[in-house]
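A.B. asks: My questions will all concern the structure given below.
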Amino acid sequence: QVQLVESGGGLVQAGGSLRLSCTPSGRTFSSNNMGWFRQAPGKEREFVAAVSWNGVTTYYADSVEGRFTISRDNAKNTVYLQMNSLKPEDTAIYYCAADKFPHRGLSVYPTAYDYWGQGTQVTVSS
C-alpha cells in the first residue's frame, strides 16, 4: 500500500519558520513531480508549491513565493517544504502529493496528483 507521510507541522509565531517533510512508503516517486497543497478551515484546497521529478524545476503560488522553498532528496525519498516568514494566513493543513505520471510538466491542479498524505497542521499565531 502506497502512503505519503507528512511531518514537521506545529504551532509557530508570525515571522517564524517550519520545515515540512514528506516521505512515501510502499514505492518511490523519483520519476514523479511532487507537490504541496494546503487547506484552511472553510476554504478549498489550494496549491502551494511543486518540484519536478529531478528537483531542477520548482513553481510556487504567488502567496508563498519568496518565503517558501520546495526541494527533494531522491536518495532519501523525501520532499521538503521550508517555510519562512510565516503569516497567520498560512495557517492550514498541509498535504503532500505525488503526480500521477512520471516525467511531465508541473501542475497546480489537485487532479494531476494521484497520491496524497493525511496532512500536517500548521498554525501561525499573530
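Residues are referred to by chain and number: the chain letter is A, B, ... according to the order shown in the C-alpha cells, the number counts from 1 in that chain, and ligands are numbered separately from 1 in the order shown.
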Write out as a count of residues only each polymer residue whose atoms come within 10 Å of A:Val12, counting only C-alpha atoms; drop sequence neighbours fewer than 6 positions from it.

C.D. replies: 10

A.B. asks: Write out as a list in words each polymer residue whose atoms come within 10 Å of A:Trp53, counting only C-alpha atoms; drop sequence neighbours fewer than 6 positions from it.

C.D. replies: Phe29, Ser30, Ser31, Asn32, Asn33, Met34, Arg72, Asn74, Ala98, Asp99, Pro102, His103, Arg104, Gly105 and Leu106 of chain A

A.B. asks: Please produce a file of those selected residues containing N, CA and C atoms, as a compact mmCIF listing (two decimals), in the first residue's frame.

C.D. replies:
# COMPACT_ATOMS: atom_id res chain seq x y z
N PHE A 29 9.00 7.74 -5.67
CA PHE A 29 8.45 8.65 -6.67
C PHE A 29 9.55 9.47 -7.31
N SER A 30 10.70 8.85 -7.49
CA SER A 30 11.85 9.58 -8.02
C SER A 30 11.64 10.02 -9.47
N SER A 31 10.66 9.47 -10.16
CA SER A 31 10.37 9.87 -11.54
C SER A 31 9.13 10.76 -11.64
N ASN A 32 8.54 11.11 -10.51
CA ASN A 32 7.29 11.87 -10.48
C ASN A 32 7.49 13.23 -9.82
N ASN A 33 6.81 14.22 -10.39
CA ASN A 33 6.77 15.52 -9.73
C ASN A 33 6.06 15.37 -8.38
N MET A 34 6.41 16.24 -7.45
CA MET A 34 5.78 16.24 -6.14
C MET A 34 5.27 17.65 -5.84
N ARG A 72 13.74 18.40 -2.91
CA ARG A 72 13.61 16.95 -2.76
C ARG A 72 14.99 16.32 -2.73
N ASN A 74 16.04 12.62 -3.65
CA ASN A 74 15.58 11.32 -4.14
C ASN A 74 16.35 10.17 -3.49
N ALA A 98 1.79 13.29 -4.88
CA ALA A 98 2.65 12.79 -5.95
C ALA A 98 1.88 12.78 -7.27
N ASP A 99 2.52 13.27 -8.31
CA ASP A 99 1.92 13.31 -9.65
C ASP A 99 1.56 11.90 -10.11
N PRO A 102 4.92 9.96 -14.57
CA PRO A 102 6.31 10.38 -14.48
C PRO A 102 6.70 11.38 -15.57
N HIS A 103 7.71 12.17 -15.25
CA HIS A 103 8.42 12.99 -16.25
C HIS A 103 7.51 13.90 -17.06
N ARG A 104 6.60 14.61 -16.41
CA ARG A 104 5.81 15.57 -17.17
C ARG A 104 5.90 16.93 -16.50
N GLY A 105 5.26 17.93 -17.11
CA GLY A 105 5.34 19.28 -16.60
C GLY A 105 4.64 19.46 -15.26
N LEU A 106 5.08 20.46 -14.51
CA LEU A 106 4.50 20.72 -13.21
C LEU A 106 3.04 21.18 -13.34

A.B. asks: Give the strand (DSSP E) residues of stretch 58-89 of chain A, as DSSP finds them on the backbone, and put them as a list in words.

C.D. replies: Thr58, Tyr59, Tyr60, Phe68, Thr69, Ile70, Ser71, Arg72, Asp73, Thr78, Val79, Tyr80, Leu81, Gln82 and Met83 of chain A

A.B. asks: Please produce a file of the residues just selected, as a PDB file, in the first residue's frame, where the atoms kept are N, CA and C atoms.

C.D. replies:
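Saved file result36.pdb follows:
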ATOM      1  N   THR A  58      11.024  24.253 -10.084  1.00  0.00           N
ATOM      2  CA  THR A  58      10.063  24.473  -9.000  1.00  0.00           C
ATOM      3  C   THR A  58       9.057  25.538  -9.416  1.00  0.00           C
ATOM      4  N   TYR A  59       7.926  25.522  -8.747  1.00  0.00           N
ATOM      5  CA  TYR A  59       6.900  26.516  -9.026  1.00  0.00           C
ATOM      6  C   TYR A  59       6.130  26.791  -7.740  1.00  0.00           C
ATOM      7  N   TYR A  60       5.769  28.064  -7.536  1.00  0.00           N
ATOM      8  CA  TYR A  60       5.139  28.462  -6.280  1.00  0.00           C
ATOM      9  C   TYR A  60       3.876  29.278  -6.518  1.00  0.00           C
ATOM     10  N   PHE A  68       8.653  30.507   0.832  1.00  0.00           N
ATOM     11  CA  PHE A  68       8.695  29.047   0.920  1.00  0.00           C
ATOM     12  C   PHE A  68       9.659  28.505  -0.129  1.00  0.00           C
ATOM     13  N   THR A  69      10.283  27.364   0.210  1.00  0.00           N
ATOM     14  CA  THR A  69      11.172  26.684  -0.730  1.00  0.00           C
ATOM     15  C   THR A  69      10.873  25.193  -0.713  1.00  0.00           C
ATOM     16  N   ILE A  70      10.580  24.665  -1.884  1.00  0.00           N
ATOM     17  CA  ILE A  70      10.340  23.234  -2.019  1.00  0.00           C
ATOM     18  C   ILE A  70      11.607  22.589  -2.571  1.00  0.00           C
ATOM     19  N   SER A  71      11.924  21.412  -2.060  1.00  0.00           N
ATOM     20  CA  SER A  71      13.098  20.686  -2.537  1.00  0.00           C
ATOM     21  C   SER A  71      12.859  19.197  -2.344  1.00  0.00           C
ATOM     22  N   ARG A  72      13.737  18.397  -2.912  1.00  0.00           N
ATOM     23  CA  ARG A  72      13.607  16.947  -2.760  1.00  0.00           C
ATOM     24  C   ARG A  72      14.988  16.315  -2.727  1.00  0.00           C
ATOM     25  N   ASP A  73      15.044  15.182  -2.039  1.00  0.00           N
ATOM     26  CA  ASP A  73      16.252  14.372  -1.986  1.00  0.00           C
ATOM     27  C   ASP A  73      15.823  12.972  -2.387  1.00  0.00           C
ATOM     28  N   THR A  78      12.543  11.741  -0.072  1.00  0.00           N
ATOM     29  CA  THR A  78      11.867  12.730   0.773  1.00  0.00           C
ATOM     30  C   THR A  78      11.739  14.062   0.041  1.00  0.00           C
ATOM     31  N   VAL A  79      10.602  14.710   0.264  1.00  0.00           N
ATOM     32  CA  VAL A  79      10.345  16.046  -0.265  1.00  0.00           C
ATOM     33  C   VAL A  79      10.187  16.987   0.918  1.00  0.00           C
ATOM     34  N   TYR A  80      10.702  18.199   0.765  1.00  0.00           N
ATOM     35  CA  TYR A  80      10.675  19.172   1.856  1.00  0.00           C
ATOM     36  C   TYR A  80       9.942  20.441   1.430  1.00  0.00           C
ATOM     37  N   LEU A  81       9.409  21.119   2.428  1.00  0.00           N
ATOM     38  CA  LEU A  81       8.868  22.458   2.220  1.00  0.00           C
ATOM     39  C   LEU A  81       9.384  23.328   3.362  1.00  0.00           C
ATOM     40  N   GLN A  82      10.356  24.163   3.056  1.00  0.00           N
ATOM     41  CA  GLN A  82      10.889  25.100   4.030  1.00  0.00           C
ATOM     42  C   GLN A  82      10.032  26.352   4.006  1.00  0.00           C
ATOM     43  N   MET A  83       9.457  26.701   5.142  1.00  0.00           N
ATOM     44  CA  MET A  83       8.535  27.834   5.231  1.00  0.00           C
ATOM     45  C   MET A  83       9.128  28.881   6.167  1.00  0.00           C
TER      46      MET A  83
END

A.B. asks: Considering only C-alpha atoms, can you say which of A:Thr28, A:Val51, A:Lys100, A:Ala112 comes closest to A:Ala75?

C.D. replies: A:Thr28

A.B. asks: Would you mind listing what lies within 8 Å of A:Ser25 as an MDAnalysis selection string, with only C-alpha atoms counted and same-chain residues fewer than 6 positions away left out?

C.D. replies: chainID A and resid 1:5

A.B. asks: So that I can check the surroundings of A:Ala40, please list as a VMD selection string every protein, DNA and RNA residue that reaches within 9 Å of it, counting only C-alpha atoms and ignoring chain neighbours fewer than 6 positions away.

C.D. replies: chain A and resid 46 89 to 94

A.B. asks: Using only C-alpha atoms for the distances, tell me which of A:Thr111, A:Tyr95, A:Gly66, A:Asn84 is nearest to A:Arg19.

C.D. replies: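 With only C-alpha atoms as the atom set, the closest residue is A:Asn84.
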
A.B. asks: Using only C-alpha atoms, which of A:Gly117, A:Thr23, A:Ser85, A:Gly35 sits nearest A:Glu65?

C.D. replies: A:Ser85

A.B. asks: Considering only C-alpha atoms, return as a PDB file with N, CA, C and O atoms, in the first residue's frame whatever protein or nucleic-acid residues lie within 7 Å of A:Phe47, sequence-local ones (same chain, fewer than 5 positions apart) excluded.

C.D. replies:
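Output below, filename around.pdb:
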ATOM      1  N   TRP A  36       3.017  20.338  -2.882  1.00  0.00           N
ATOM      2  CA  TRP A  36       2.423  20.638  -1.570  1.00  0.00           C
ATOM      3  C   TRP A  36       1.168  21.476  -1.804  1.00  0.00           C
ATOM      4  O   TRP A  36       1.183  22.427  -2.588  1.00  0.00           O
ATOM      5  N   PHE A  37       0.112  21.107  -1.115  1.00  0.00           N
ATOM      6  CA  PHE A  37      -1.131  21.848  -1.132  1.00  0.00           C
ATOM      7  C   PHE A  37      -1.508  22.149   0.313  1.00  0.00           C
ATOM      8  O   PHE A  37      -0.968  21.555   1.239  1.00  0.00           O
ATOM      9  N   ARG A  38      -2.467  23.052   0.492  1.00  0.00           N
ATOM     10  CA  ARG A  38      -2.943  23.345   1.841  1.00  0.00           C
ATOM     11  C   ARG A  38      -4.429  23.641   1.815  1.00  0.00           C
ATOM     12  O   ARG A  38      -4.973  24.053   0.792  1.00  0.00           O
ATOM     13  N   ALA A  61       2.967  29.174  -5.573  1.00  0.00           N
ATOM     14  CA  ALA A  61       1.829  30.086  -5.558  1.00  0.00           C
ATOM     15  C   ALA A  61       2.347  31.484  -5.242  1.00  0.00           C
ATOM     16  O   ALA A  61       3.324  31.647  -4.506  1.00  0.00           O
ATOM     17  N   VAL A 108      -0.471  22.747 -11.100  1.00  0.00           N
ATOM     18  CA  VAL A 108      -1.001  23.369  -9.885  1.00  0.00           C
ATOM     19  C   VAL A 108      -2.355  22.783  -9.522  1.00  0.00           C
ATOM     20  O   VAL A 108      -2.950  23.187  -8.527  1.00  0.00           O
TER      21      VAL A 108
END

A.B. asks: Between A:Ser21, A:Asn77, A:Ser63, A:Gln39, which one has atoms that come closest to A:Gly9, using only C-alpha atoms?

C.D. replies: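 Result for the nearest residue to A:Gly9: A:Ser21.
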
A.B. asks: What does the distance between atom CA of A:Gly8 and atom CA of A:Lys76 come to in Å, to one decimal place?

C.D. replies: 16.3 Å

A.B. asks: Rounded to one decimal, what separation in Å do you get between atom CA of A:Gln118 and atom CA of A:Arg27?

C.D. replies: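 Taking atom CA of A:Gln118 as the start and atom CA of A:Arg27 as the end point, the length is 16.8 Å.
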
A.B. asks: Please report the interatomic distance between atom CA of A:Cys22 and atom CA of A:Glu44 in Å with one decimal.

C.D. replies: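 Pair atom CA of A:Cys22 / atom CA of A:Glu44 returns 21.3 Å.
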